[in-house]
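Peer 1: Right, I'll just put the structure down here and ask away after.
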Amino acid sequence: MGLYQDQTNSLSEIKRLAALVLDPPRRSEIGPDQWPLAMIAYGLVTCNETNRLQEGIEIYTLFETNCSDEARSRCAMQLSQFVRQRQGNGWRALLPFAVADANPSIRRQAAFLALTLAPSSEADRFPGAAELVRLICSPPVEERSPIAMLDTIMSLADLRFMPYLQRISSSLPDNRLARLLKESTATPNALSCSWLLDVLETRADLADAVTACLTGMPSRTGEVLDVIIPIPSWLFKGEAVQNLHGWTIPEYYARMASRLQDRVSPEQLASIQSSWS
């Protein structure tokens with residue numbers, strides 16, 4: 001009962017937990033069953049302060065220590081519902097999940113939620129995508145984080161996000177971009193394939209990495225899609241994805257073949273063709 005009878009007694013539960021999280025000596029008072037709501041509380045209270053991501057990651061480490069994968073994933077979804085009710089206000093609260101979680105599926109889940117919930121601004125039509133790109137291109141806060149964020153953008157299948165991917169390929173040095181491409185588990189779609197072909201045309205030294213990425217893609221889906229994603233998702237009833245076109249794997253390879261032939265070696269081309277046939 002002492003926890004409820006101190007100076008935070010008059011605050012709502014969310015504000016009370018946020019006050020505890022923001023006071024480092026008192027974080028140990030938060031029990032495992034309280035950490036999901038505490039993480040939501042901290043995120044909603046600090047979400048508009050763009051300089052607190054490192055602090056958020058440190059707090060997330062405590063949250064992760066106290067909660068299972070299932071609890072953390074559920075927490076991300078609960079947080080997204082708060083953000084949705086607030087018409088996108090608070091989307092940055094999902095960034096610690098996207099950057100710091102040990103589970104790649106949770107990082108991708110949170111990155112997708114942040115990207116699709118962020119409302120447009122005067123500075124950027126898709127600020128969620130812009131922030132993920134900034135984090136990808138910054139010195140990595142965690143070695144495990146950039147690939148999940150990159151795969152999230154690549155997997156959108158929406159060509160409106162090509163300029164954001166091009167920011168990545170024009171900013172990252174060869175060694176970092178090559179590593180990300182070779183680690184990618186993104187699906188083949190109109191966006192991911194178009195960007196990889198663009199990388200081949202502008203970064204010839206990355207032919208090996210692009211080949212590895214393209215060769216691994218077809219096994220992850222049976223259809224290559226071109227779609228429009230409803231963003232921000234809270235603005236659209238039903239959140240229906242608009243399908244513009246779809247191709248089989250061999251059909252889409254035929255579309256790529258002419259752009260590949262002059263930019264990869266015969267051996268690389270054979271490897272890509274074999275996986276796409």
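Order determines the names: the first chain of the structure tokens is A, the second B, and so forth; residues in each chain are numbered 1 upward, and ligands are numbered 1 upward as they are shown.
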Write down as a short mmCIF file (atom, residue, chain, number, x, y, z; two decimals) with C-alpha atoms, in the first residue's frame the residues of segment 44-186 of chain A whose backbone DSSP state falls under alpha helix (DSSP H).
Peer 2:
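See states09.cif below for the written result:
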```
data_model
loop_
_atom_site.label_atom_id
_atom_site.label_comp_id
_atom_site.auth_asym_id
_atom_site.auth_seq_id
_atom_site.Cartn_x
_atom_site.Cartn_y
_atom_site.Cartn_z
CA LEU A 44 2.74 8.54 -23.65
CA VAL A 45 4.15 11.11 -21.22
CA THR A 46 7.45 11.60 -23.08
CA LEU A 53 15.19 7.73 -27.19
CA GLN A 54 18.37 6.67 -25.40
CA GLU A 55 16.62 7.00 -22.04
CA GLY A 56 13.69 5.06 -23.47
CA ILE A 57 16.01 2.25 -24.52
CA GLU A 58 17.53 2.07 -21.03
CA ILE A 59 14.05 1.83 -19.52
CA TYR A 60 13.04 -0.71 -22.13
CA THR A 61 15.88 -2.97 -20.95
CA LEU A 62 14.24 -3.13 -17.52
CA PHE A 63 10.85 -3.75 -19.09
CA GLU A 64 12.27 -6.57 -21.22
CA THR A 65 13.93 -8.14 -18.18
CA ASN A 66 10.60 -8.26 -16.34
CA ASP A 69 7.97 -11.91 -25.36
CA GLU A 70 4.21 -12.37 -25.38
CA ALA A 71 3.71 -9.64 -22.78
CA ARG A 72 5.96 -7.21 -24.66
CA SER A 73 4.20 -7.86 -27.96
CA ARG A 74 0.82 -7.40 -26.31
CA CYS A 75 2.08 -4.20 -24.71
CA ALA A 76 3.11 -2.81 -28.10
CA MET A 77 -0.39 -3.49 -29.42
CA GLN A 78 -2.02 -1.89 -26.37
CA LEU A 79 0.21 1.14 -26.78
CA SER A 80 -0.75 1.36 -30.45
CA GLN A 81 -4.42 1.47 -29.43
CA PHE A 82 -3.73 4.48 -27.20
CA VAL A 83 -1.90 6.14 -30.11
CA ARG A 84 -4.76 5.34 -32.46
CA GLN A 85 -7.29 6.90 -30.07
CA LEU A 95 10.43 3.44 -31.10
CA PRO A 96 12.12 1.80 -28.06
CA PHE A 97 10.25 -1.40 -28.94
CA ALA A 98 11.45 -1.13 -32.56
CA VAL A 99 15.05 -0.40 -31.61
CA ALA A 100 15.81 -2.36 -28.45
CA PRO A 104 13.11 -9.50 -34.20
CA SER A 105 9.37 -10.05 -34.66
CA ILE A 106 8.59 -7.51 -31.93
CA ARG A 107 11.01 -5.01 -33.46
CA ARG A 108 9.33 -5.39 -36.85
CA GLN A 109 5.85 -5.20 -35.27
CA ALA A 110 6.70 -1.97 -33.46
CA ALA A 111 8.44 -0.43 -36.48
CA PHE A 112 5.37 -1.13 -38.62
CA LEU A 113 3.03 0.34 -36.01
CA ALA A 114 5.14 3.48 -35.61
CA LEU A 115 5.37 3.94 -39.37
CA THR A 116 1.68 3.46 -40.06
CA LEU A 117 0.33 5.42 -37.07
CA PRO A 127 7.30 11.03 -40.58
CA GLY A 128 7.32 7.49 -39.20
CA ALA A 129 9.25 6.28 -42.23
CA ALA A 130 11.55 9.31 -42.03
CA GLU A 131 12.36 8.53 -38.39
CA LEU A 132 13.09 4.87 -39.11
CA VAL A 133 15.41 5.94 -41.92
CA ARG A 134 17.17 8.37 -39.60
CA LEU A 135 17.72 5.61 -37.06
CA ILE A 136 18.94 3.18 -39.73
CA CYS A 137 21.44 5.72 -41.04
CA PRO A 146 18.64 -1.61 -38.17
CA ILE A 147 17.74 -4.72 -40.19
CA ALA A 148 14.30 -5.05 -38.60
CA MET A 149 13.51 -1.42 -39.42
CA LEU A 150 14.85 -1.73 -42.97
CA ASP A 151 12.90 -4.94 -43.59
CA THR A 152 9.77 -3.22 -42.31
CA ILE A 153 10.05 -0.42 -44.86
CA MET A 154 11.00 -2.83 -47.66
CA MET A 162 10.94 4.56 -52.55
CA PRO A 163 12.40 8.01 -51.68
CA TYR A 164 12.88 6.85 -48.07
CA LEU A 165 14.77 3.74 -49.13
CA GLN A 166 16.83 5.85 -51.51
CA ARG A 167 17.86 8.02 -48.56
CA ILE A 168 19.31 4.88 -46.99
CA SER A 169 21.21 3.75 -50.08
CA SER A 170 22.60 7.24 -50.63
CA SER A 171 23.71 7.61 -47.00
CA ASP A 174 29.12 0.11 -48.60
CA ASN A 175 30.01 -2.14 -45.67
CA ARG A 176 26.95 -1.25 -43.59
CA LEU A 177 24.48 -1.42 -46.46
CA ALA A 178 25.97 -4.71 -47.70
CA ARG A 179 25.61 -6.23 -44.24
CA LEU A 180 21.97 -5.18 -43.98
CA LEU A 181 21.09 -6.52 -47.43
CA LYS A 182 22.71 -9.87 -46.73
CA GLU A 183 20.80 -10.15 -43.42
#
```
Peer 1: Looking only at the backbone, which of the residues in segment 174-268 of chain A does DSSP tag as strand (DSSP E or B), as a VMD selection string?
Peer 2: chain A and resid 223 to 228 242 to 248
Peer 1: Give me a file of those residues, with all heavy atoms, as an mmCIF file, in the first residue's frame.
Peer 2:
```cif
data_model
loop_
_atom_site.group_PDB
_atom_site.id
_atom_site.type_symbol
_atom_site.label_atom_id
_atom_site.label_comp_id
_atom_site.auth_asym_id
_atom_site.auth_seq_id
_atom_site.Cartn_x
_atom_site.Cartn_y
_atom_site.Cartn_z
ATOM 1 N N GLU A 223 3.738 -14.464 -54.462
ATOM 2 C CA GLU A 223 3.240 -13.392 -55.315
ATOM 3 C C GLU A 223 3.965 -12.101 -54.999
ATOM 4 O O GLU A 223 4.232 -11.787 -53.841
ATOM 5 C CB GLU A 223 1.731 -13.218 -55.111
ATOM 6 C CG GLU A 223 1.073 -12.237 -56.061
ATOM 7 C CD GLU A 223 -0.427 -12.150 -55.882
ATOM 8 O OE1 GLU A 223 -0.910 -12.556 -54.805
ATOM 9 O OE2 GLU A 223 -1.111 -11.671 -56.796
ATOM 10 N N VAL A 224 4.277 -11.347 -56.043
ATOM 11 C CA VAL A 224 4.921 -10.040 -55.899
ATOM 12 C C VAL A 224 3.838 -8.983 -56.063
ATOM 13 O O VAL A 224 3.184 -8.910 -57.112
ATOM 14 C CB VAL A 224 6.034 -9.847 -56.950
ATOM 15 C CG1 VAL A 224 6.683 -8.472 -56.802
ATOM 16 C CG2 VAL A 224 7.088 -10.948 -56.816
ATOM 17 N N LEU A 225 3.650 -8.162 -55.023
ATOM 18 C CA LEU A 225 2.527 -7.218 -55.004
ATOM 19 C C LEU A 225 2.988 -5.777 -55.121
ATOM 20 O O LEU A 225 4.095 -5.416 -54.694
ATOM 21 C CB LEU A 225 1.735 -7.375 -53.706
ATOM 22 C CG LEU A 225 1.035 -8.710 -53.483
ATOM 23 C CD1 LEU A 225 0.377 -8.733 -52.117
ATOM 24 C CD2 LEU A 225 0.012 -8.985 -54.580
ATOM 25 N N ASP A 226 2.108 -4.974 -55.682
ATOM 26 C CA ASP A 226 2.237 -3.520 -55.692
ATOM 27 C C ASP A 226 0.963 -2.997 -55.042
ATOM 28 O O ASP A 226 -0.141 -3.237 -55.544
ATOM 29 C CB ASP A 226 2.374 -3.022 -57.140
ATOM 30 C CG ASP A 226 2.460 -1.500 -57.233
ATOM 31 O OD1 ASP A 226 2.669 -0.834 -56.197
ATOM 32 O OD2 ASP A 226 2.317 -0.967 -58.360
ATOM 33 N N VAL A 227 1.085 -2.318 -53.896
ATOM 34 C CA VAL A 227 -0.096 -1.927 -53.130
ATOM 35 C C VAL A 227 0.027 -0.481 -52.652
ATOM 36 O O VAL A 227 1.081 0.142 -52.764
ATOM 37 C CB VAL A 227 -0.293 -2.843 -51.902
ATOM 38 C CG1 VAL A 227 -0.298 -4.304 -52.301
ATOM 39 C CG2 VAL A 227 0.773 -2.584 -50.846
ATOM 40 N N ILE A 228 -1.059 0.007 -52.110
ATOM 41 C CA ILE A 228 -1.062 1.268 -51.374
ATOM 42 C C ILE A 228 -1.510 0.967 -49.952
ATOM 43 O O ILE A 228 -2.580 0.386 -49.730
ATOM 44 C CB ILE A 228 -1.984 2.318 -52.017
ATOM 45 C CG1 ILE A 228 -1.430 2.733 -53.387
ATOM 46 C CG2 ILE A 228 -2.127 3.540 -51.113
ATOM 47 C CD1 ILE A 228 -2.276 3.759 -54.116
ATOM 48 N N GLN A 242 -4.910 -1.352 -50.528
ATOM 49 C CA GLN A 242 -5.391 -1.301 -51.908
ATOM 50 C C GLN A 242 -4.394 -2.025 -52.810
ATOM 51 O O GLN A 242 -3.261 -1.579 -52.992
ATOM 52 C CB GLN A 242 -5.557 0.157 -52.362
ATOM 53 C CG GLN A 242 -6.083 0.285 -53.788
ATOM 54 C CD GLN A 242 -6.214 1.739 -54.221
ATOM 55 O OE1 GLN A 242 -6.062 2.653 -53.416
ATOM 56 N NE2 GLN A 242 -6.477 1.951 -55.498
ATOM 57 N N ASN A 243 -4.803 -3.140 -53.379
ATOM 58 C CA ASN A 243 -3.950 -3.898 -54.296
ATOM 59 C C ASN A 243 -3.988 -3.264 -55.677
ATOM 60 O O ASN A 243 -5.061 -3.126 -56.278
ATOM 61 C CB ASN A 243 -4.414 -5.354 -54.375
ATOM 62 C CG ASN A 243 -4.156 -6.118 -53.098
ATOM 63 O OD1 ASN A 243 -3.127 -5.936 -52.463
ATOM 64 N ND2 ASN A 243 -5.091 -6.964 -52.708
ATOM 65 N N LEU A 244 -2.818 -2.890 -56.187
ATOM 66 C CA LEU A 244 -2.733 -2.293 -57.515
ATOM 67 C C LEU A 244 -2.418 -3.339 -58.573
ATOM 68 O O LEU A 244 -2.948 -3.290 -59.676
ATOM 69 C CB LEU A 244 -1.668 -1.193 -57.528
ATOM 70 C CG LEU A 244 -1.910 -0.020 -56.569
ATOM 71 C CD1 LEU A 244 -0.791 0.994 -56.697
ATOM 72 C CD2 LEU A 244 -3.255 0.639 -56.840
ATOM 73 N N HIS A 245 -1.514 -4.267 -58.231
ATOM 74 C CA HIS A 245 -1.138 -5.293 -59.198
ATOM 75 C C HIS A 245 -0.441 -6.434 -58.481
ATOM 76 O O HIS A 245 0.100 -6.251 -57.389
ATOM 77 C CB HIS A 245 -0.193 -4.711 -60.269
ATOM 78 C CG HIS A 245 -0.227 -5.471 -61.566
ATOM 79 N ND1 HIS A 245 -1.039 -5.113 -62.613
ATOM 80 C CD2 HIS A 245 0.427 -6.587 -61.966
ATOM 81 C CE1 HIS A 245 -0.871 -5.974 -63.611
ATOM 82 N NE2 HIS A 245 0.025 -6.878 -63.243
ATOM 83 N N GLY A 246 -0.442 -7.593 -59.122
ATOM 84 C CA GLY A 246 0.262 -8.749 -58.583
ATOM 85 C C GLY A 246 0.873 -9.566 -59.701
ATOM 86 O O GLY A 246 0.321 -9.644 -60.803
ATOM 87 N N TRP A 247 2.033 -10.124 -59.438
ATOM 88 C CA TRP A 247 2.731 -10.950 -60.417
ATOM 89 C C TRP A 247 3.170 -12.249 -59.746
ATOM 90 O O TRP A 247 3.436 -12.281 -58.543
ATOM 91 C CB TRP A 247 3.995 -10.258 -60.945
ATOM 92 C CG TRP A 247 3.783 -8.951 -61.617
ATOM 93 C CD1 TRP A 247 3.612 -8.719 -62.956
ATOM 94 C CD2 TRP A 247 3.756 -7.647 -61.006
ATOM 95 N NE1 TRP A 247 3.479 -7.373 -63.209
ATOM 96 C CE2 TRP A 247 3.560 -6.687 -62.028
ATOM 97 C CE3 TRP A 247 3.872 -7.208 -59.673
ATOM 98 C CZ2 TRP A 247 3.493 -5.325 -61.762
ATOM 99 C CZ3 TRP A 247 3.794 -5.851 -59.412
ATOM 100 C CH2 TRP A 247 3.603 -4.929 -60.446
ATOM 101 N N THR A 248 3.268 -13.325 -60.522
ATOM 102 C CA THR A 248 3.924 -14.523 -60.018
ATOM 103 C C THR A 248 5.422 -14.244 -59.937
ATOM 104 O O THR A 248 5.924 -13.261 -60.511
ATOM 105 C CB THR A 248 3.684 -15.722 -60.945
ATOM 106 O OG1 THR A 248 4.341 -15.478 -62.195
ATOM 107 C CG2 THR A 248 2.195 -15.964 -61.163
#
```
Peer 1: Within 8 Å of Pro32 of chain A, counting only C-alpha atoms, which residues qualify if same-chain residues fewer than 3 places away don't, as a ChimeraX atom specification?
Peer 2: /A:35-36,66-67
Peer 1: If I take atom CA of Arg86 of chain A and atom CA of Glu29 of chain A, how far is one from the other in Å, to one decimal?
Peer 2: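 Between atom CA of Arg86 of chain A and atom CA of Glu29 of chain A the gap works out to 29.0 Å.
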